[in-house]
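Asks: Coordinates in model38.tsv, TSV, C-alpha atoms and all ligand atoms, are listed below.
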chain	number	residue	atom	x	y	z
A	22	MET	CA	0.00	0.00	0.00
A	23	ALA	CA	2.68	2.46	0.99
A	24	GLN	CA	4.52	1.78	-2.24
A	25	THR	CA	1.61	3.03	-4.35
A	26	THR	CA	0.80	6.16	-2.32
A	27	PRO	CA	1.86	9.04	-4.62
A	28	ASN	CA	4.18	11.02	-2.37
A	29	HIS	CA	5.88	7.95	-0.93
A	30	THR	CA	9.05	8.50	-2.89
A	31	GLN	CA	11.84	8.06	-0.35
A	32	SER	CA	13.56	4.66	-0.32
A	33	VAL	CA	14.47	3.49	3.17
A	34	VAL	CA	16.55	0.56	4.34
A	35	GLY	CA	14.74	-1.41	7.03
A	36	TRP	CA	14.20	-4.85	8.48
A	37	ALA	CA	10.88	-6.68	8.19
A	38	ALA	CA	9.06	-9.92	8.94
A	39	HIS	CA	7.14	-11.28	5.97
A	40	ASP	CA	5.10	-14.05	7.60
A	41	PRO	CA	4.36	-15.54	11.04
A	42	SER	CA	7.55	-17.63	10.99
A	43	GLY	CA	8.89	-14.40	12.40
A	44	LYS	CA	12.20	-14.23	10.56
A	45	ILE	CA	13.43	-10.69	10.06
A	46	THR	CA	15.24	-9.85	6.81
A	47	PRO	CA	16.50	-6.61	5.24
A	48	TYR	CA	13.70	-4.82	3.43
A	49	ILE	CA	13.75	-1.70	1.25
A	50	PHE	CA	10.50	0.28	1.34
A	51	LYS	CA	9.18	3.79	0.70
A	52	ARG	CA	8.30	6.57	3.09
A	53	ARG	CA	6.38	9.76	2.35
A	54	GLU	CA	8.11	13.01	1.56
A	55	ASN	CA	8.50	15.34	4.52
A	56	GLY	CA	5.15	17.21	4.70
A	57	VAL	CA	4.41	20.59	6.29
A	58	ASN	CA	3.64	18.98	9.66
A	59	ASP	CA	6.40	16.39	9.46
A	60	VAL	CA	9.89	15.97	10.76
A	61	THR	CA	12.37	13.55	9.24
A	62	ILE	CA	14.44	11.62	11.75
A	63	LYS	CA	17.70	9.82	11.15
A	64	ILE	CA	17.19	6.84	13.42
A	65	LEU	CA	20.07	6.04	15.75
A	66	TYR	CA	18.55	3.43	18.03
A	67	CYS	CA	15.41	1.32	18.30
A	68	GLY	CA	14.43	-0.87	21.25
A	69	ILE	CA	12.96	-4.35	20.81
A	70	CYS	CA	9.67	-4.54	22.71
A	71	HIS	CA	7.81	-7.79	23.39
A	72	THR	CA	4.96	-6.24	21.38
A	73	ASP	CA	7.26	-6.56	18.34
A	74	ILE	CA	7.27	-10.34	18.87
A	75	HIS	CA	3.47	-10.40	19.22
A	76	HIS	CA	3.27	-8.63	15.83
A	77	ILE	CA	6.05	-10.51	14.07
A	78	LYS	CA	4.43	-13.84	15.01
A	79	ASN	CA	0.89	-12.53	14.48
A	80	ASP	CA	0.00	-13.53	18.07
A	81	TRP	CA	-2.91	-11.06	18.09
A	82	GLY	CA	-4.13	-11.93	14.56
A	83	ILE	CA	-3.82	-8.32	13.34
A	84	THR	CA	-0.46	-8.22	11.55
A	85	MET	CA	-0.29	-6.74	8.04
A	86	TYR	CA	2.83	-8.27	6.45
A	87	PRO	CA	5.46	-7.22	5.66
A	88	VAL	CA	5.78	-5.63	9.09
A	89	VAL	CA	8.68	-3.33	9.96
A	90	PRO	CA	8.48	-3.34	13.77
A	91	GLY	CA	9.91	-0.85	16.23
A	92	HIS	CA	8.29	1.81	18.41
A	93	GLU	CA	11.12	2.74	20.76
A	94	ILE	CA	12.94	5.14	18.49
A	95	THR	CA	15.59	7.78	19.13
A	96	GLY	CA	17.38	9.81	16.49
A	97	ILE	CA	18.31	13.19	15.10
A	98	ILE	CA	16.02	15.52	13.20
A	99	THR	CA	17.26	16.16	9.67
A	100	LYS	CA	14.28	18.02	8.17
A	101	VAL	CA	11.33	20.04	9.47
A	102	GLY	CA	8.12	21.03	7.68
A	103	SER	CA	6.93	24.63	7.54
A	104	ASN	CA	4.20	24.17	10.20
A	105	VAL	CA	6.43	22.39	12.67
A	106	LYS	CA	6.74	23.99	16.08
A	107	ASN	CA	9.31	23.25	18.79
A	108	PHE	CA	11.67	21.13	16.68
A	109	LYS	CA	14.65	22.10	14.57
A	110	VAL	CA	17.27	20.31	12.50
A	111	GLY	CA	19.83	18.66	14.78
A	112	ASP	CA	17.46	18.11	17.72
A	113	ARG	CA	17.60	14.85	19.68
A	114	ALA	CA	14.14	13.41	19.10
A	115	ALA	CA	12.15	10.30	19.91
A	116	VAL	CA	9.07	8.49	18.66
A	117	GLY	CA	7.03	5.89	20.53
A	118	CYS	CA	3.94	3.86	19.75
A	119	LEU	CA	1.72	6.55	18.22
A	120	ALA	CA	1.75	7.83	14.63
A	121	ALA	CA	-1.64	9.50	14.24
A	122	ALA	CA	-4.99	10.14	15.91
A	123	CYS	CA	-8.14	12.08	14.99
A	124	MET	CA	-6.93	15.25	16.79
A	125	GLU	CA	-10.57	16.26	17.41
A	126	CYS	CA	-12.11	13.95	20.00
A	127	GLU	CA	-12.19	14.61	23.75
A	128	PHE	CA	-9.13	12.40	24.25
A	129	CYS	CA	-7.05	14.03	21.53
A	130	LYS	CA	-7.98	17.49	22.82
A	131	ASP	CA	-6.67	16.45	26.24
A	132	SER	CA	-3.48	14.92	24.75
A	133	GLN	CA	-4.66	11.44	25.60
A	134	GLU	CA	-4.25	10.50	21.94
A	135	ASN	CA	-3.55	6.94	23.06
A	136	TYR	CA	-7.26	6.56	23.85
A	137	CYS	CA	-8.53	8.09	20.59
A	138	ASP	CA	-10.85	5.70	18.82
A	139	LYS	CA	-8.99	6.36	15.56
A	140	ILE	CA	-5.50	5.85	16.96
A	141	GLN	CA	-2.88	4.63	14.50
A	142	PHE	CA	0.39	3.10	15.56
A	143	THR	CA	3.97	3.68	14.46
A	144	TYR	CA	3.95	0.30	12.73
A	145	ASN	CA	1.16	-1.95	11.51
A	146	GLY	CA	-1.13	1.09	11.48
A	147	ILE	CA	-2.82	2.98	8.65
A	148	PHE	CA	-1.72	6.59	8.38
A	149	TRP	CA	-3.95	9.51	7.34
A	150	ASP	CA	-2.86	9.11	3.70
A	151	GLY	CA	-3.93	5.46	3.65
A	152	SER	CA	-0.42	4.02	3.79
A	153	ILE	CA	0.60	1.25	6.16
A	154	THR	CA	3.00	2.52	8.81
A	155	TYR	CA	6.49	1.08	9.12
A	156	GLY	CA	8.40	1.34	12.38
A	157	GLY	CA	11.84	1.94	13.75
A	158	TYR	CA	13.70	-1.13	12.53
A	159	SER	CA	14.79	1.20	9.73
A	160	GLU	CA	17.27	3.95	9.04
A	161	MET	CA	14.89	6.89	8.65
A	162	LEU	CA	11.43	7.92	9.79
A	163	VAL	CA	9.02	10.65	8.72
A	164	ALA	CA	6.71	11.55	11.62
A	165	ASP	CA	4.06	14.17	12.31
A	166	TYR	CA	5.71	16.53	14.81
A	167	ARG	CA	2.76	16.22	17.20
A	168	PHE	CA	3.82	12.59	17.75
A	169	VAL	CA	7.49	13.34	18.44
A	170	VAL	CA	9.16	14.23	21.75
A	171	HIS	CA	12.49	15.69	22.82
A	172	VAL	CA	15.18	13.62	24.52
A	173	PRO	CA	16.78	15.41	27.51
A	174	GLU	CA	20.44	16.25	26.90
A	175	ASN	CA	21.73	14.31	29.89
A	176	ILE	CA	20.39	10.87	28.98
A	177	ALA	CA	22.04	8.57	26.43
A	178	MET	CA	20.18	8.00	23.18
A	179	ASP	CA	20.61	4.20	23.25
A	180	ALA	CA	19.48	3.65	26.86
A	181	ALA	CA	16.68	6.23	26.40
A	182	ALA	CA	15.11	4.46	23.41
A	183	PRO	CA	13.06	1.90	25.41
A	184	LEU	CA	11.55	4.69	27.48
A	185	LEU	CA	9.36	5.47	24.45
A	186	CYS	CA	7.30	2.34	25.03
A	187	ALA	CA	8.47	0.47	28.13
A	188	GLY	CA	8.93	3.73	30.04
A	189	ILE	CA	5.70	5.50	29.16
A	190	THR	CA	3.63	2.31	29.48
A	191	VAL	CA	4.59	1.90	33.13
A	192	PHE	CA	4.74	5.64	33.89
A	193	CYS	CA	1.06	6.28	33.08
A	194	PRO	CA	-0.57	3.74	35.40
A	195	MET	CA	1.84	4.79	38.15
A	196	LYS	CA	0.86	8.43	37.57
A	197	ASP	CA	-2.82	7.48	37.52
A	198	ASN	CA	-2.32	5.99	40.97
A	199	ASN	CA	-0.46	9.05	42.32
A	200	LEU	CA	2.85	7.26	42.52
A	201	ILE	CA	4.93	9.74	40.51
A	202	ASP	CA	6.72	12.41	42.52
A	203	SER	CA	4.18	11.96	45.32
A	204	PRO	CA	4.89	12.47	49.01
A	205	ALA	CA	2.74	9.45	49.97
A	206	LYS	CA	5.03	6.45	50.09
A	207	LYS	CA	3.35	3.21	49.03
A	208	ARG	CA	4.09	-0.49	48.84
A	209	ILE	CA	4.03	-1.41	45.18
A	210	GLY	CA	4.52	-4.69	43.33
A	211	ILE	CA	5.86	-5.20	39.82
A	212	VAL	CA	4.97	-8.51	38.17
A	213	GLY	CA	7.43	-9.64	35.45
A	214	LEU	CA	10.95	-8.26	35.46
A	215	GLY	CA	11.44	-7.64	31.74
A	216	GLY	CA	11.68	-4.50	29.62
A	217	LEU	CA	8.60	-2.85	31.13
A	218	GLY	CA	9.07	-4.25	34.62
A	219	HIS	CA	12.65	-3.11	35.15
A	220	VAL	CA	11.76	0.53	34.29
A	221	ALA	CA	8.80	0.33	36.67
A	222	VAL	CA	11.15	-0.75	39.47
A	223	LYS	CA	13.40	2.24	38.70
A	224	PHE	CA	10.46	4.66	38.75
A	225	GLY	CA	9.16	3.15	41.98
A	226	LYS	CA	12.51	3.56	43.71
A	227	ALA	CA	13.16	7.04	42.30
A	228	PHE	CA	9.88	8.19	43.87
A	229	GLY	CA	10.67	6.61	47.22
A	230	HIS	CA	8.24	3.70	47.27
A	231	HIS	CA	8.75	0.23	48.73
A	232	VAL	CA	9.09	-2.00	45.67
A	233	THR	CA	8.48	-5.74	45.53
A	234	VAL	CA	9.31	-7.68	42.36
A	235	ILE	CA	7.07	-10.68	41.67
A	236	SER	CA	8.88	-12.92	39.21
A	237	THR	CA	9.05	-16.44	37.80
A	238	SER	CA	12.86	-16.23	37.50
A	239	PRO	CA	14.94	-17.02	40.62
A	240	SER	CA	18.01	-15.88	38.68
A	241	LYS	CA	16.72	-12.29	38.70
A	242	GLU	CA	16.53	-11.86	42.48
A	243	LYS	CA	20.09	-10.67	43.11
A	244	GLU	CA	20.00	-8.16	40.24
A	245	ALA	CA	16.53	-6.94	41.12
A	246	LYS	CA	17.77	-6.00	44.56
A	247	GLU	CA	21.39	-5.02	43.98
A	248	LEU	CA	21.23	-3.43	40.54
A	249	LEU	CA	17.69	-2.09	40.35
A	250	GLY	CA	17.20	-1.39	44.05
A	251	ALA	CA	14.08	-3.51	44.68
A	252	ASP	CA	13.29	-3.98	48.37
A	253	GLU	CA	11.78	-7.44	48.12
A	254	PHE	CA	11.54	-10.29	45.65
A	255	ILE	CA	8.74	-12.85	45.57
A	256	LEU	CA	9.18	-15.95	43.45
A	257	SER	CA	5.66	-16.42	42.13
A	258	THR	CA	6.13	-20.18	41.76
A	259	ASN	CA	6.94	-20.49	45.48
A	260	ALA	CA	3.67	-20.99	47.41
A	261	MET	CA	5.23	-20.07	50.75
A	262	GLN	CA	6.57	-16.76	49.48
A	263	MET	CA	3.23	-15.95	47.84
A	264	GLN	CA	1.43	-16.80	51.09
A	265	ALA	CA	3.77	-14.57	53.10
A	266	GLY	CA	3.10	-11.71	50.68
A	267	LYS	CA	-0.71	-11.78	51.02
A	268	ARG	CA	-2.36	-8.40	51.64
A	269	THR	CA	0.93	-6.50	51.71
A	270	LEU	CA	0.74	-4.24	48.62
A	271	ASP	CA	-1.21	-1.07	47.79
A	272	PHE	CA	-0.72	-1.26	44.03
A	273	ILE	CA	0.52	-3.87	41.56
A	274	LEU	CA	1.56	-3.44	37.94
A	275	ASP	CA	1.38	-6.62	35.85
A	276	THR	CA	3.74	-6.58	32.85
A	277	VAL	CA	3.67	-10.30	32.00
A	278	SER	CA	3.61	-11.16	28.31
A	279	ALA	CA	2.18	-14.69	28.65
A	280	LYS	CA	-1.11	-16.13	29.83
A	281	HIS	CA	-1.39	-16.45	33.62
A	282	SER	CA	-3.92	-16.23	36.44
A	283	LEU	CA	-4.54	-12.88	38.12
A	284	GLY	CA	-5.92	-14.65	41.23
A	285	PRO	CA	-2.66	-15.23	43.13
A	286	ILE	CA	-1.48	-11.74	42.22
A	287	LEU	CA	-4.69	-10.13	43.52
A	288	GLU	CA	-4.17	-11.91	46.84
A	289	LEU	CA	-1.00	-9.86	47.33
A	290	LEU	CA	-3.03	-6.63	47.36
A	291	LYS	CA	-4.36	-5.04	50.51
A	292	VAL	CA	-8.13	-4.50	50.74
A	293	ASN	CA	-9.15	-1.89	48.14
A	294	GLY	CA	-5.84	-2.26	46.26
A	295	THR	CA	-5.48	-1.84	42.50
A	296	LEU	CA	-3.97	-4.21	39.97
A	297	SER	CA	-3.06	-2.41	36.76
A	298	VAL	CA	-2.49	-4.68	33.79
A	299	VAL	CA	-0.24	-3.60	30.93
A	300	GLY	CA	1.00	-6.99	29.69
A	301	ALA	CA	-0.92	-8.19	26.65
A	302	PRO	CA	-0.89	-11.99	26.31
A	303	GLU	CA	-2.76	-13.34	23.30
A	304	ALA	CA	-5.06	-15.49	25.49
A	305	PRO	CA	-7.48	-14.17	28.17
A	306	PHE	CA	-6.31	-13.95	31.79
A	307	GLU	CA	-7.88	-16.12	34.45
A	308	LEU	CA	-9.72	-13.76	36.80
A	309	PRO	CA	-11.22	-15.74	39.71
A	310	SER	CA	-13.92	-13.85	41.58
A	311	PHE	CA	-12.98	-14.62	45.19
A	312	PRO	CA	-9.70	-12.68	45.41
A	313	LEU	CA	-11.50	-9.83	43.69
A	314	ILE	CA	-14.59	-9.62	45.91
A	315	PHE	CA	-13.05	-10.61	49.25
A	316	GLY	CA	-10.61	-7.75	49.04
A	317	LYS	CA	-12.78	-5.18	47.22
A	318	ARG	CA	-9.92	-5.05	44.73
A	319	SER	CA	-9.87	-3.45	41.29
A	320	VAL	CA	-8.31	-4.61	38.04
A	321	LYS	CA	-7.74	-2.05	35.32
A	322	GLY	CA	-5.75	-1.71	32.12
A	323	SER	CA	-3.55	0.96	30.60
A	324	MET	CA	-2.29	1.46	27.07
A	325	THR	CA	0.97	3.34	26.51
A	326	GLY	CA	0.58	7.14	27.02
A	327	GLY	CA	-0.45	10.36	25.35
A	328	MET	CA	2.06	12.79	23.87
A	329	ARG	CA	2.03	15.33	26.71
A	330	GLU	CA	2.62	12.57	29.25
A	331	THR	CA	5.34	11.06	27.07
A	332	GLN	CA	7.28	14.34	27.11
A	333	GLU	CA	6.61	14.64	30.86
A	334	MET	CA	7.98	11.12	31.37
A	335	MET	CA	11.11	11.94	29.33
A	336	ASN	CA	11.65	15.08	31.42
A	337	VAL	CA	11.21	13.10	34.65
A	338	CYS	CA	13.80	10.61	33.36
A	339	GLY	CA	16.13	13.51	32.63
A	340	LYS	CA	15.58	14.93	36.12
A	341	TYR	CA	16.19	11.62	37.93
A	342	ASN	CA	18.68	10.30	35.39
A	343	ILE	CA	16.58	7.24	34.67
A	344	THR	CA	17.35	5.15	31.59
A	345	CYS	CA	17.03	1.50	30.70
A	346	ASN	CA	19.45	-1.36	31.20
A	347	ILE	CA	20.17	-2.44	27.67
A	348	GLU	CA	22.03	-4.90	25.48
A	349	VAL	CA	23.00	-3.12	22.26
A	350	ILE	CA	22.94	-5.23	19.08
A	351	LYS	CA	23.62	-4.73	15.36
A	352	PRO	CA	20.78	-5.08	12.84
A	353	ASP	CA	22.09	-8.49	11.70
A	354	GLN	CA	21.54	-9.78	15.26
A	355	ILE	CA	17.81	-8.95	15.40
A	356	ASN	CA	16.66	-12.56	14.90
A	357	GLU	CA	18.95	-13.83	17.64
A	358	ALA	CA	17.72	-11.07	19.95
A	359	LEU	CA	14.07	-11.88	19.23
A	360	ASP	CA	14.74	-15.56	20.02
A	361	ARG	CA	16.40	-14.62	23.28
A	362	LEU	CA	13.60	-12.20	24.21
A	363	ALA	CA	11.02	-14.94	23.55
A	364	ARG	CA	13.04	-17.20	25.90
A	365	ASN	CA	13.08	-14.49	28.61
A	366	ASP	CA	16.84	-14.12	28.21
A	367	VAL	CA	17.60	-10.40	28.16
A	368	ARG	CA	18.77	-7.92	30.81
A	369	TYR	CA	16.52	-6.02	30.29
A	370	ARG	CA	16.01	-4.60	26.81
A	371	PHE	CA	17.66	-5.17	23.44
A	372	VAL	CA	18.36	-1.96	21.54
A	373	ILE	CA	19.33	-2.04	17.86
A	374	ASP	CA	22.22	0.24	16.93
A	375	ILE	CA	20.65	1.27	13.64
A	376	ALA	CA	23.20	3.87	12.60
A	377	GLY	CA	26.22	1.72	13.45
A	378	GLY	CA	27.42	3.86	16.31
A	379	ALA	CA	27.12	7.19	14.47
A	380	ARG	CA	27.26	9.76	17.24
A	381	GLU	CA	24.28	11.84	18.11
B	401	LIG	P1	9.53	-8.82	28.33
B	401	LIG	O1	10.74	-7.96	28.35
B	401	LIG	O2	9.56	-10.12	27.62
B	401	LIG	O3	9.07	-9.03	29.86
B	401	LIG	C1	7.96	-9.81	30.21
B	401	LIG	C2	8.26	-10.51	31.52
B	401	LIG	O4	7.14	-11.32	31.84
B	401	LIG	C3	9.42	-11.47	31.49
B	401	LIG	O5	10.65	-10.83	31.71
B	401	LIG	C4	9.09	-12.42	32.61
B	401	LIG	O6	9.49	-11.85	33.86
B	401	LIG	C5	7.58	-12.45	32.60
B	401	LIG	N1	7.09	-13.68	31.95
B	401	LIG	C6	7.37	-14.12	30.72
B	401	LIG	N2	6.73	-15.29	30.47
B	401	LIG	C7	6.02	-15.55	31.57
B	401	LIG	C8	5.12	-16.60	31.95
B	401	LIG	N3	4.85	-17.62	31.11
B	401	LIG	N4	4.53	-16.54	33.16
B	401	LIG	C9	4.80	-15.54	34.00
B	401	LIG	N5	5.67	-14.53	33.72
B	401	LIG	C10	6.25	-14.55	32.52
B	401	LIG	O7	8.29	-8.04	27.70
B	401	LIG	P2	7.97	-6.47	27.71
B	401	LIG	O8	8.54	-5.85	26.48
B	401	LIG	O9	8.28	-5.93	29.04
B	401	LIG	O10	6.39	-6.50	27.46
B	401	LIG	C11	5.54	-7.14	28.40
B	401	LIG	C12	4.12	-7.22	27.89
B	401	LIG	O11	3.59	-5.90	27.85
B	401	LIG	C13	3.97	-7.76	26.46
B	401	LIG	O12	2.81	-8.54	26.38
B	401	LIG	C14	3.79	-6.50	25.61
B	401	LIG	O13	3.07	-6.72	24.41
B	401	LIG	C15	2.99	-5.66	26.58
B	401	LIG	N6	3.03	-4.22	26.32
B	401	LIG	C16	1.91	-3.52	26.57
B	401	LIG	C17	1.90	-2.15	26.40
B	401	LIG	C18	0.69	-1.37	26.74
B	401	LIG	O14	0.52	-0.25	26.22
B	401	LIG	N7	-0.19	-1.86	27.60
B	401	LIG	C19	3.05	-1.49	25.95
B	401	LIG	C20	4.20	-2.25	25.74
B	401	LIG	C21	4.18	-3.61	25.93
B	401	LIG	P3	10.04	-12.77	35.07
B	401	LIG	O15	11.20	-13.50	34.49
B	401	LIG	O16	10.40	-11.77	36.09
B	401	LIG	O17	8.90	-13.67	35.48
B	402	ZN	ZN	6.30	-1.61	23.07
Please express what this file holds, its structure, as structure tokens.

Replies:
Amino acid sequence: MAQTTPNHTQSVVGWAAHDPSGKITPYIFKRRENGVNDVTIKILYCGICHTDIHHIKNDWGITMYPVVPGHEITGIITKVGSNVKNFKVGDRAAVGCLAAACMECEFCKDSQENYCDKIQFTYNGIFWDGSITYGGYSEMLVADYRFVVHVPENIAMDAAAPLLCAGITVFCPMKDNNLIDSPAKKRIGIVGLGGLGHVAVKFGKAFGHHVTVISTSPSKEKEAKELLGADEFILSTNAMQMQAGKRTLDFILDTVSAKHSLGPILELLKVNGTLSVVGAPEAPFELPSFPLIFGKRSVKGSMTGGMRETQEMMNVCGKYNITCNIEVIKPDQINEALDRLARNDVRYRFVIDIAGGARE
């Protein structure tokens, strides 16, 4: 589709999956010319989110192949359209999950574009001109400036990249629950210590909360405590530890990418506690009623963040010097990285060095 859209004249080198086997290969495709509201970004780094795997393997049944994944993008602005405000050539810029929204509904007007009914994503979306969007596993991106944010000067472009999805996705539910920069110190739990989970631990500690990691991986305990600063670690497969943790937490964030039961996790909440789910397994969760009703507990979801909150999150990361723990790879290692991510073998986010170490 993109190839036949008239102003899609710019050839771009990228990496795509062509079918659910999930193998990524080099792929040349077209992007639109830089329009009046657009900025062109030379991509330096792109994180590998578990959502990329869900798309590459068509876990959710919505993939339009070929798919060029990637929505954790940092780079340098090389062109700006005549209507563009707040960005200039040479700026350190970043793009996350969102490419377009209606700009007119109540959510768009409040910069909660992520909840616009017409939301379109950075990849596997359909842009305003009818073209399919291609993401950050590529050397260059053209983006509407209203869906671009600035990267604070003091944080590294490679370790900042995953903030654009992993960071904002955990920041918003924490903000919703008054856990960001709040004087009230809470006991919070983070389920799943992966890309999303490890940033959530960092936010929790930066804001002074008591943080418990709830994990299936005994090998992550030492790092969770010593490297990320978690206060406690519960091995979710250990019945005694789960029993000891009952009714201890005010708020839990569930980042798990695979099917699991919410029952045992709900038991860890105090009465009236909230479980916020951001993980998106392809199969429905088990949600037994007893842990829900006996503790008057709530379960809610959250989907990435709006643009104002994304810039706010980046600024908070600049202020507290928060970035991600990353393993940097070259584009020809993407398949190996995806295999390792699927096997839960990454500490804690792969980031593709798209520009081959070209300095920002
Ligand atoms: P990730 O790096 O793979 O981390 C997921 C973690 O879940 C793993 O590190 C592992 O932690 C745990 N886990 C994996 N398999 C499990 C299983 N079978 N049972 C229990 N725990 C398991 O993935 P991610 O990039 O953080 O993404 C996590 C999920 O969030 C994905 O489903 C992704 O699509 C979704 N997501 C949602 C949004 C949103 O807007 N809501 C945004 C981005 C991503 P332990 O080893 O500690 O158990
Ligand atoms: Zn993501």

Asks: If you count all atoms listed in the file, which residues fall within 8 Å of A:Gly215, apart from same-chain ones fewer than 3 positions away, as a list in words?

Replies: Gly218, His219, Thr276, Asn365, Val367, Arg368, Tyr369 and Arg370 of chain A

Asks: List all protein, DNA and RNA residues that have any atom at most 7 Å from ligand LIG 401 (chain B), counting only C-alpha atoms and all ligand atoms, and write the list as a PyMOL selection string.

Replies: chain A and resi 70-72+75+186-187+190+212-218+235-238+241+276-281+299-302+323-325+362-363+365+369-370

Asks: Report the distance between atom CA of A:Met328 and atom CA of A:Ala181 in Å, rounded to one decimal place.

Replies: 16.2 Å

Asks: Find the residue from A:Leu65, A:Ala304, A:Met334, A:Ile74 that sits nearest to A:Ile97; use all atoms listed in the file when measuring.

Replies: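 Of A:Leu65, A:Ala304, A:Met334, A:Ile74, the one nearest A:Ile97 is A:Leu65, counting all atoms listed in the file.
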
Asks: I'd like to know which of A:Ile373, A:Ile153, A:Ile98, A:Leu184 is closest to ligand ZN 402 (chain B), using all atoms listed in the file.

Replies: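 Closest to ligand ZN 402 (chain B) of all the choices is A:Leu184.
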
Asks: Quick one: distance from atom CA of A:Phe254 to atom CA of A:Gly229 in Å, one decimal?

Replies: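 Rounded to one decimal, the two atoms are 17.0 Å apart.
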
Asks: Would you fill out stretch 276-290 of chain A with N, CA and C atoms and return it as a PDB file, in the coordinates of the input?

Replies:
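Contents of the output file out.pdb:
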ATOM      1  N   THR A 276       3.129  -6.777  34.177  1.00  0.00           N
ATOM      2  CA  THR A 276       3.740  -6.580  32.850  1.00  0.00           C
ATOM      3  C   THR A 276       3.972  -7.888  32.104  1.00  0.00           C
ATOM      4  N   VAL A 277       3.348  -8.963  32.556  1.00  0.00           N
ATOM      5  CA  VAL A 277       3.670 -10.300  32.000  1.00  0.00           C
ATOM      6  C   VAL A 277       3.118 -10.463  30.581  1.00  0.00           C
ATOM      7  N   SER A 278       3.946 -11.032  29.724  1.00  0.00           N
ATOM      8  CA  SER A 278       3.610 -11.160  28.310  1.00  0.00           C
ATOM      9  C   SER A 278       2.890 -12.455  27.967  1.00  0.00           C
ATOM     10  N   ALA A 279       2.784 -13.379  28.932  1.00  0.00           N
ATOM     11  CA  ALA A 279       2.180 -14.690  28.650  1.00  0.00           C
ATOM     12  C   ALA A 279       0.948 -14.906  29.522  1.00  0.00           C
ATOM     13  N   LYS A 280       0.122 -15.841  29.092  1.00  0.00           N
ATOM     14  CA  LYS A 280      -1.110 -16.130  29.830  1.00  0.00           C
ATOM     15  C   LYS A 280      -0.815 -16.572  31.273  1.00  0.00           C
ATOM     16  N   HIS A 281      -1.557 -16.052  32.224  1.00  0.00           N
ATOM     17  CA  HIS A 281      -1.390 -16.450  33.620  1.00  0.00           C
ATOM     18  C   HIS A 281      -2.653 -16.073  34.383  1.00  0.00           C
ATOM     19  N   SER A 282      -2.743 -16.557  35.638  1.00  0.00           N
ATOM     20  CA  SER A 282      -3.920 -16.230  36.440  1.00  0.00           C
ATOM     21  C   SER A 282      -3.670 -14.969  37.250  1.00  0.00           C
ATOM     22  N   LEU A 283      -4.671 -14.090  37.298  1.00  0.00           N
ATOM     23  CA  LEU A 283      -4.540 -12.880  38.120  1.00  0.00           C
ATOM     24  C   LEU A 283      -4.888 -13.165  39.584  1.00  0.00           C
ATOM     25  N   GLY A 284      -5.484 -14.334  39.865  1.00  0.00           N
ATOM     26  CA  GLY A 284      -5.920 -14.650  41.230  1.00  0.00           C
ATOM     27  C   GLY A 284      -4.818 -14.533  42.261  1.00  0.00           C
ATOM     28  N   PRO A 285      -3.730 -15.289  42.112  1.00  0.00           N
ATOM     29  CA  PRO A 285      -2.660 -15.230  43.130  1.00  0.00           C
ATOM     30  C   PRO A 285      -2.048 -13.844  43.259  1.00  0.00           C
ATOM     31  N   ILE A 286      -2.050 -13.088  42.171  1.00  0.00           N
ATOM     32  CA  ILE A 286      -1.480 -11.740  42.220  1.00  0.00           C
ATOM     33  C   ILE A 286      -2.399 -10.814  43.015  1.00  0.00           C
ATOM     34  N   LEU A 287      -3.718 -10.953  42.777  1.00  0.00           N
ATOM     35  CA  LEU A 287      -4.690 -10.130  43.520  1.00  0.00           C
ATOM     36  C   LEU A 287      -4.583 -10.355  45.016  1.00  0.00           C
ATOM     37  N   GLU A 288      -4.286 -11.597  45.402  1.00  0.00           N
ATOM     38  CA  GLU A 288      -4.170 -11.910  46.840  1.00  0.00           C
ATOM     39  C   GLU A 288      -3.073 -11.096  47.520  1.00  0.00           C
ATOM     40  N   LEU A 289      -2.095 -10.632  46.738  1.00  0.00           N
ATOM     41  CA  LEU A 289      -1.000  -9.860  47.330  1.00  0.00           C
ATOM     42  C   LEU A 289      -1.419  -8.434  47.668  1.00  0.00           C
ATOM     43  N   LEU A 290      -2.557  -7.993  47.117  1.00  0.00           N
ATOM     44  CA  LEU A 290      -3.030  -6.630  47.360  1.00  0.00           C
ATOM     45  C   LEU A 290      -3.727  -6.519  48.710  1.00  0.00           C
TER      46      LEU A 290
END
